[in-house]
Amino acid sequence: MASNNLSSLLTGSKALTSHLQRPDLPSVNLSLDQIEAQSRRLVAGQPGTPADSGRGNYLLAQAHVDAPALATSIANLNTTTTFSPLQPLQDTDVAGYLRHAHEQNLISTIEEGRRETQEEFYRTLEEHGRREWEAKKKRVFEELGGRLGGENTAISDFKKSSYGRNIFTSSTVSTPNLQLQSKMMIYDRVVAGLNAARLRETSHPVFHALIEASLSIAVDVSQQMTQIYHILSKITAEPPALPPVEHAGAHVLNAPLFERKYARVYLGDPESREAVALRKQIANGAREALEEQYWDVLERTLQARPMDARLGGDPSVANRVRAFLLIKHYKNGEWGERIELVAGQPIWAKLFYLVRTGHPQEAIDEAISYQQAIDHREPSFLANFKTWLESPDRKLPKLHRDHLQSTYNGHMLHSSTTDPFKLALYKLMGKIDPSKRTVTDVTVTTEDWLWFQLTMLDEEEFGGLRGLSDVVSGYGQRHFDGPPNQRGSRKGVWAAVLTMCGQFERAIAALWEQPETEVEAVHLAIALAYHGLLRQPSRAETSDMTPLSLPQNGVPALSLSTIIWRYVRQFVKMDAKEALQYVYCICLSADQGGGVGKEQIENAWELARRIIVLANAGTAWEELVGGFRADGTRFSGIIEQGASLLKLTSTQDYHAEILVRAAKHSEQNDRTPEAIKLYNLAGDYGTVISCLASALGTTISRPTPDEKSKAIEKTAVDILRHYERTNRAVGRDREAVTKLLRIREAINAKEAGRPEVVLEIMESTNLIPLDGDMSRTTRKAEEFKEYHDALQRNLQTYLTLTMDALSGVHQKTKASLIPDSARQMVLGELRRKSRSLMVFAGILKYRMSSDIYSYLARLDVEIAL
């Protein structure tokens, strides 16, 4: 009955639309479930009423564009229904349903991937923008002479500490950053020791010196930095101390060569056999460092929990590993769920930790002691294990690896009860499935994971160390350090990871980006450059914003000169000698090809000149550049003593590239006394006298000389005395300097109220004719254009000075008690000199202001009365 009712309803419904049907259109037959599903999709996709965009829709309508209709179509677009079945699916069409569901899953996966990619893009974009902004902000503060670091984010003020170093304090914080100050001074000594060894042409264990420095610093990142230095000491095979030198020159035979040892290979063809060997050395060194680090962790764990360890009286390595396993995997009287016991011992875990802590021979001995039990479980394990550990490359022959692979796949891979440490040992020995980089309960920490990757590396397969670097770069900094606001004590982990992957330039850049590790970044870069493991960019590839350069070939490079200058500019004014020690290190890369090495030398010269210009004048400044003793003998400065570190091979090069060019920079920066001293040290005596004449011409025109003017005049007196004694720079310029100094003496005498002395001095200069001979006066005025420019510019100064002296003597003579005849003779002589001066001034009237000439004329009239 129900069936008949439904049939009649269907027939009736079709009759209702029979007049609308078209024979060329197929009918749509859907099941009830499909109708319900499609209805829900239509309801869910129904857009709301769009807001009228007013003028925009009106303008689009004029172009025959229906904006509301297009908006509705876009709102209704749903990619999940793009591949809806073209033919109706019957309820019994299982294959069609599965096919449709499969297509929908594919579409959903694509959409999910697109969404995740978009989110990752915007996250990366935001992170990149943040880094760019931080770099620009840091650059601005550095240009303003400040520093960004820790909580002090305002422009810093310079303050002098008891150590002679600038301490930087925020303008909003009154307490100096003594912790930073102390750290910088500790690292200063490392660089000074390195350069001292370079001057002696001996090697220096710089990474071990950095380890000692970091251990003496009580900051959060010091432990991580100590580990980075330790890793690099293992990578470079640097001993903690050099062999003792028993006689002169013994270092040539006994000491290993450190400086630029790896530069040729590191900077050369990455596909060469030597480059492959270097990458193996980097991986092995990093692995050994991680093994030593883990052994230290094991020892500290045993000391912290002696009751749980139950070490007993056996101090052997194997027993200590057994005690460590009790702490980690033995709980409540039972071993861990998946720990397999062989002869009552967790042999697989024990063997793994012996290898993990860098004790291969002890691991072999331990395996041999349980040989019968191990052979019963895994017949071929012991032979392969021994061969693997004794192999220089930790690599088995392919036949053995294939056998291990089959064993691993056969009864270990898919078993849920297999001991994870056995799995790890088999993966390591056979280098099995290196794309799966983790083993549950084994690669627990970042260090465990990295050790596992480094042990699995094979330079002949799967990309080797470069392949691992690509994987690590794909993970990114957030994976290792965490988000920027959650990194805390993990700062420096990302740099350590990059270091172990041989990405030294990126590691330094990562440290440089963090204010807490800027100091360490500079010294790490210097140490790597010393060993030849730092690639410098060319000048064209160097950026002002970031020291890291990524050229088109994809090989990163880092500008050592950039980070060194940004570091030393903080204290260069007060500690120029220490700043210079860092500049010496730039020339470590002088041997890099492609013209880059020459550019680095030029960068070092430029920074040395900057230090000279910016350093405070005084005794320390003369220690920097040299000077002259009281007896006139010359002594060399620190720069000249270390000229070989700047690749200056001759005295002439030192004078031309450092002293003379620094003198020119000093002139441009209005530091004339220093410029004069530098020209003098360079032996450019003519320029010295020329500068002195020009500077004195400026100072004597000032009624009251300042400290700078007094310094110039004192320098001029000393140099002129020395030149007159040695007969140097004879000529027009030296004569001008002599006369200008005499004018200064006259000015001082005037201020002391001694006009007769002023007149005597001015007559001795022979600048102004005062003898009353009109022809001589005219001739002297015509010769005036041949005077030195400094004398010509000061015509008004010494004319008024002389006329004031004549007036002063005139007044004193009139008021004196000498006999009248003698008084009249003196007054007549003064009138003659005054008239001669006025004639001379009248001829040169065009060179002075009308006020000055009027003043001279008034005094001349007073003298004539």
# chains A, B, ... in the order shown; residues from 1 in each chain; ligands from 1
>>> residues_around(residues="Lys386 (chain A)", least_positions_apart="2", cutoff="9 Å", atoms="only C-alpha atoms", output="MDAnalysis selection string")
chainID A and resid 360:361 363:364 367 381:384 388:391
>>> write_last_selection(atoms="N, CA and C atoms", output="JSON list (two decimals), in the first residue's frame")
[["chain", "number", "residue", "atom", "x", "y", "z"],
["A", 360, "PRO", "N", 84.85, 3.26, 21.06],
["A", 360, "PRO", "CA", 84.64, 2.11, 20.15],
["A", 360, "PRO", "C", 85.35, 0.84, 20.60],
["A", 361, "GLN", "N", 86.58, 0.97, 21.13],
["A", 361, "GLN", "CA", 87.32, -0.22, 21.53],
["A", 361, "GLN", "C", 86.64, -0.89, 22.71],
["A", 363, "ALA", "N", 83.53, -0.78, 23.27],
["A", 363, "ALA", "CA", 82.31, -1.40, 22.74],
["A", 363, "ALA", "C", 82.63, -2.76, 22.13],
["A", 364, "ILE", "N", 83.75, -2.83, 21.39],
["A", 364, "ILE", "CA", 84.15, -4.12, 20.80],
["A", 364, "ILE", "C", 84.45, -5.14, 21.89],
["A", 367, "ALA", "N", 81.26, -6.40, 23.43],
["A", 367, "ALA", "CA", 80.55, -7.31, 22.54],
["A", 367, "ALA", "C", 81.22, -8.69, 22.52],
["A", 381, "PHE", "N", 76.21, -10.25, 13.70],
["A", 381, "PHE", "CA", 76.32, -8.89, 14.24],
["A", 381, "PHE", "C", 77.75, -8.55, 14.67],
["A", 382, "LEU", "N", 78.37, -9.45, 15.44],
["A", 382, "LEU", "CA", 79.65, -9.11, 16.06],
["A", 382, "LEU", "C", 80.73, -8.83, 15.01],
["A", 383, "ALA", "N", 80.79, -9.65, 13.97],
["A", 383, "ALA", "CA", 81.82, -9.43, 12.94],
["A", 383, "ALA", "C", 81.61, -8.09, 12.24],
["A", 384, "ASN", "N", 80.36, -7.81, 11.89],
["A", 384, "ASN", "CA", 80.07, -6.53, 11.23],
["A", 384, "ASN", "C", 80.32, -5.35, 12.19],
["A", 388, "TRP", "N", 82.96, -2.46, 11.35],
["A", 388, "TRP", "CA", 82.43, -1.10, 11.22],
["A", 388, "TRP", "C", 83.18, -0.12, 12.11],
["A", 389, "LEU", "N", 83.40, -0.48, 13.37],
["A", 389, "LEU", "CA", 84.07, 0.44, 14.29],
["A", 389, "LEU", "C", 85.55, 0.61, 13.96],
["A", 390, "GLU", "N", 86.16, -0.40, 13.39],
["A", 390, "GLU", "CA", 87.58, -0.30, 13.06],
["A", 390, "GLU", "C", 87.83, 0.34, 11.71],
["A", 391, "SER", "N", 86.78, 0.54, 10.93],
["A", 391, "SER", "CA", 86.93, 1.19, 9.63],
["A", 391, "SER", "C", 87.19, 2.68, 9.81]]
>>> residues_around(residues="Trp449 (chain A)", least_positions_apart="5", cutoff="12 Å", atoms="only C-alpha atoms", output="list in words")
Arg287, Leu290, Arg356, Ala424, Lys436, Arg437, Thr438, Val439, Thr440, Asp441, Val442, Thr443, Val444, Leu454, Thr455, Met456, Leu468, Val472, Phe480, Val497 and Met500 of chain A
>>> residues_around(residues="Arg634 (chain A)", least_positions_apart="6", cutoff="12 Å", atoms="only C-alpha atoms", output="compact mmCIF listing (two decimals) with N, CA and C atoms, in the first residue's frame")
# COMPACT_ATOMS: atom_id res chain seq x y z
N GLU A 622 99.94 58.70 20.08
CA GLU A 622 101.31 58.60 19.59
C GLU A 622 101.83 57.17 19.70
N GLU A 623 101.37 56.42 20.70
CA GLU A 623 101.75 55.02 20.76
C GLU A 623 101.19 54.26 19.57
N VAL A 625 100.62 55.60 16.36
CA VAL A 625 101.23 55.97 15.07
C VAL A 625 102.72 56.27 15.16
N GLY A 626 103.23 56.46 16.38
CA GLY A 626 104.63 56.84 16.53
C GLY A 626 104.77 58.32 16.78
N GLY A 627 106.02 58.79 16.90
CA GLY A 627 106.26 60.20 17.15
C GLY A 627 107.74 60.48 17.27
N PHE A 628 108.04 61.67 17.79
CA PHE A 628 109.42 62.10 17.95
C PHE A 628 109.71 62.37 19.42
N LYS A 677 101.16 65.96 12.26
CA LYS A 677 102.05 64.95 12.85
C LYS A 677 102.17 63.72 11.94
N ASN A 680 104.34 64.49 9.05
CA ASN A 680 105.72 64.57 9.52
C ASN A 680 106.30 63.18 9.71
N LEU A 681 105.51 62.26 10.28
CA LEU A 681 105.98 60.88 10.46
C LEU A 681 106.22 60.19 9.14
N ALA A 682 105.43 60.56 8.13
CA ALA A 682 105.58 59.95 6.82
C ALA A 682 106.73 60.54 6.03
N GLY A 683 107.39 61.58 6.59
CA GLY A 683 108.52 62.19 5.90
C GLY A 683 108.12 63.14 4.80
N HIS A 722 112.79 71.74 14.82
CA HIS A 722 113.45 70.52 14.33
C HIS A 722 113.88 70.68 12.87
>>> residues_around(residues="region 402-418 of chain A", least_positions_apart="2", cutoff="12 Å", atoms="only C-alpha atoms", output="VMD selection string")
chain A and resid 336 to 341 348 to 349 377 to 385 388 396 to 400 420 to 434 436 439 to 441
>>> select_by_dssp(residues="region 220-335 of chain A", states="strand (DSSP E or B)", output="list of chain:residue names")
A:Tyr330, A:Lys331, A:Glu334, A:Trp335
>>> residues_around(residues="Ser644 (chain A)", least_positions_apart="4", cutoff="8 Å", atoms="only C-alpha atoms", output="ChimeraX atom specification")
/A:199,648-649
>>> decode(residues="region 266-281 of chain A", atoms="all heavy atoms", output="CSV table (one decimal), in the first residue's frame")
chain,number,residue,atom,x,y,z
A,266,TYR,N,89.1,24.7,1.3
A,266,TYR,CA,87.7,25.3,1.7
A,266,TYR,C,87.2,26.2,0.6
A,266,TYR,O,86.0,26.3,0.3
A,266,TYR,CB,87.8,25.9,3.0
A,266,TYR,CG,86.4,26.4,3.5
A,266,TYR,CD1,85.5,25.5,4.1
A,266,TYR,CD2,86.1,27.7,3.5
A,266,TYR,CE1,84.3,25.9,4.6
A,266,TYR,CE2,84.8,28.1,4.0
A,266,TYR,CZ,84.0,27.2,4.5
A,266,TYR,OH,82.7,27.6,5.0
A,267,LEU,N,88.1,27.0,0.1
A,267,LEU,CA,87.8,28.1,-0.9
A,267,LEU,C,87.9,27.5,-2.4
A,267,LEU,O,87.5,28.3,-3.3
A,267,LEU,CB,88.7,29.3,-0.8
A,267,LEU,CG,88.6,30.0,0.6
A,267,LEU,CD1,89.7,31.1,0.7
A,267,LEU,CD2,87.3,30.5,0.9
A,268,GLY,N,88.3,26.3,-2.5
A,268,GLY,CA,88.5,25.8,-3.9
A,268,GLY,C,87.3,25.0,-4.4
A,268,GLY,O,86.2,25.2,-4.0
A,269,ASP,N,87.6,24.1,-5.3
A,269,ASP,CA,86.6,23.3,-6.0
A,269,ASP,C,85.9,22.4,-4.9
A,269,ASP,O,86.6,21.5,-4.3
A,269,ASP,CB,87.2,22.5,-7.1
A,269,ASP,CG,86.2,21.6,-7.8
A,269,ASP,OD1,85.0,21.8,-7.6
A,269,ASP,OD2,86.6,20.8,-8.6
A,270,PRO,N,84.6,22.5,-4.7
A,270,PRO,CA,83.9,21.7,-3.7
A,270,PRO,C,83.8,20.2,-4.1
A,270,PRO,O,83.5,19.3,-3.3
A,270,PRO,CB,82.5,22.3,-3.6
A,270,PRO,CG,82.3,23.0,-4.9
A,270,PRO,CD,83.7,23.5,-5.3
A,271,GLU,N,84.1,19.9,-5.4
A,271,GLU,CA,84.0,18.5,-5.9
A,271,GLU,C,85.4,17.8,-5.9
A,271,GLU,O,85.5,16.6,-6.2
A,271,GLU,CB,83.4,18.5,-7.3
A,271,GLU,CG,82.1,19.2,-7.4
A,271,GLU,CD,81.0,18.5,-6.6
A,271,GLU,OE1,81.1,17.3,-6.3
A,271,GLU,OE2,80.1,19.3,-6.1
A,272,SER,N,86.4,18.5,-5.5
A,272,SER,CA,87.7,17.9,-5.5
A,272,SER,C,87.8,16.9,-4.4
A,272,SER,O,87.1,16.8,-3.4
A,272,SER,CB,88.8,19.0,-5.3
A,272,SER,OG,88.7,19.6,-4.0
A,273,ARG,N,88.8,16.0,-4.5
A,273,ARG,CA,89.1,14.9,-3.5
A,273,ARG,C,89.4,15.5,-2.2
A,273,ARG,O,89.0,15.0,-1.1
A,273,ARG,CB,90.2,14.0,-4.0
A,273,ARG,CG,90.5,12.8,-3.1
A,273,ARG,CD,91.5,11.9,-3.7
A,273,ARG,NE,92.7,12.6,-4.0
A,273,ARG,CZ,93.8,12.1,-4.6
A,273,ARG,NH1,93.7,10.8,-5.1
A,273,ARG,NH2,94.9,12.8,-4.8
A,274,GLU,N,90.2,16.6,-2.2
A,274,GLU,CA,90.5,17.3,-0.9
A,274,GLU,C,89.3,17.9,-0.2
A,274,GLU,O,89.2,17.8,1.0
A,274,GLU,CB,91.6,18.4,-1.2
A,274,GLU,CG,92.9,17.9,-1.6
A,274,GLU,CD,93.0,17.7,-3.1
A,274,GLU,OE1,91.9,17.9,-3.8
A,274,GLU,OE2,94.1,17.3,-3.6
A,275,ALA,N,88.4,18.4,-1.0
A,275,ALA,CA,87.2,19.0,-0.5
A,275,ALA,C,86.3,17.9,0.2
A,275,ALA,O,85.7,18.1,1.2
A,275,ALA,CB,86.4,19.8,-1.5
A,276,VAL,N,86.2,16.8,-0.5
A,276,VAL,CA,85.5,15.7,0.1
A,276,VAL,C,86.1,15.2,1.4
A,276,VAL,O,85.4,15.0,2.4
A,276,VAL,CB,85.4,14.5,-0.9
A,276,VAL,CG1,84.8,13.3,-0.2
A,276,VAL,CG2,84.6,14.9,-2.1
A,277,ALA,N,87.4,15.2,1.4
A,277,ALA,CA,88.1,14.8,2.7
A,277,ALA,C,87.9,15.8,3.8
A,277,ALA,O,87.8,15.4,5.0
A,277,ALA,CB,89.6,14.6,2.4
A,278,LEU,N,87.8,17.1,3.4
A,278,LEU,CA,87.6,18.1,4.4
A,278,LEU,C,86.2,18.0,5.0
A,278,LEU,O,86.0,18.1,6.2
A,278,LEU,CB,87.8,19.5,3.8
A,278,LEU,CG,87.5,20.7,4.7
A,278,LEU,CD1,88.4,20.6,6.0
A,278,LEU,CD2,87.7,22.0,4.0
A,279,ARG,N,85.2,17.7,4.1
A,279,ARG,CA,83.8,17.5,4.7
A,279,ARG,C,83.8,16.3,5.6
A,279,ARG,O,83.1,16.3,6.6
A,279,ARG,CB,82.9,17.4,3.5
A,279,ARG,CG,82.6,18.7,2.7
A,279,ARG,CD,81.4,18.6,1.9
A,279,ARG,NE,81.6,17.7,0.7
A,279,ARG,CZ,82.1,18.0,-0.4
A,279,ARG,NH1,82.5,19.3,-0.6
A,279,ARG,NH2,82.2,17.2,-1.4
A,280,LYS,N,84.5,15.2,5.3
A,280,LYS,CA,84.6,14.1,6.2
A,280,LYS,C,85.2,14.5,7.5
A,280,LYS,O,84.7,14.1,8.6
A,280,LYS,CB,85.4,13.0,5.5
A,280,LYS,CG,84.7,12.3,4.4
A,280,LYS,CD,85.6,11.1,3.8
A,280,LYS,CE,84.9,10.4,2.7
A,280,LYS,NZ,85.8,9.4,2.1
A,281,GLN,N,86.2,15.3,7.4
A,281,GLN,CA,86.9,15.7,8.7
A,281,GLN,C,85.9,16.6,9.5
A,281,GLN,O,85.9,16.5,10.7
A,281,GLN,CB,88.1,16.5,8.3
A,281,GLN,CG,88.9,17.0,9.5
A,281,GLN,CD,90.2,17.7,9.2
A,281,GLN,OE1,90.8,17.5,8.1
A,281,GLN,NE2,90.7,18.6,10.0
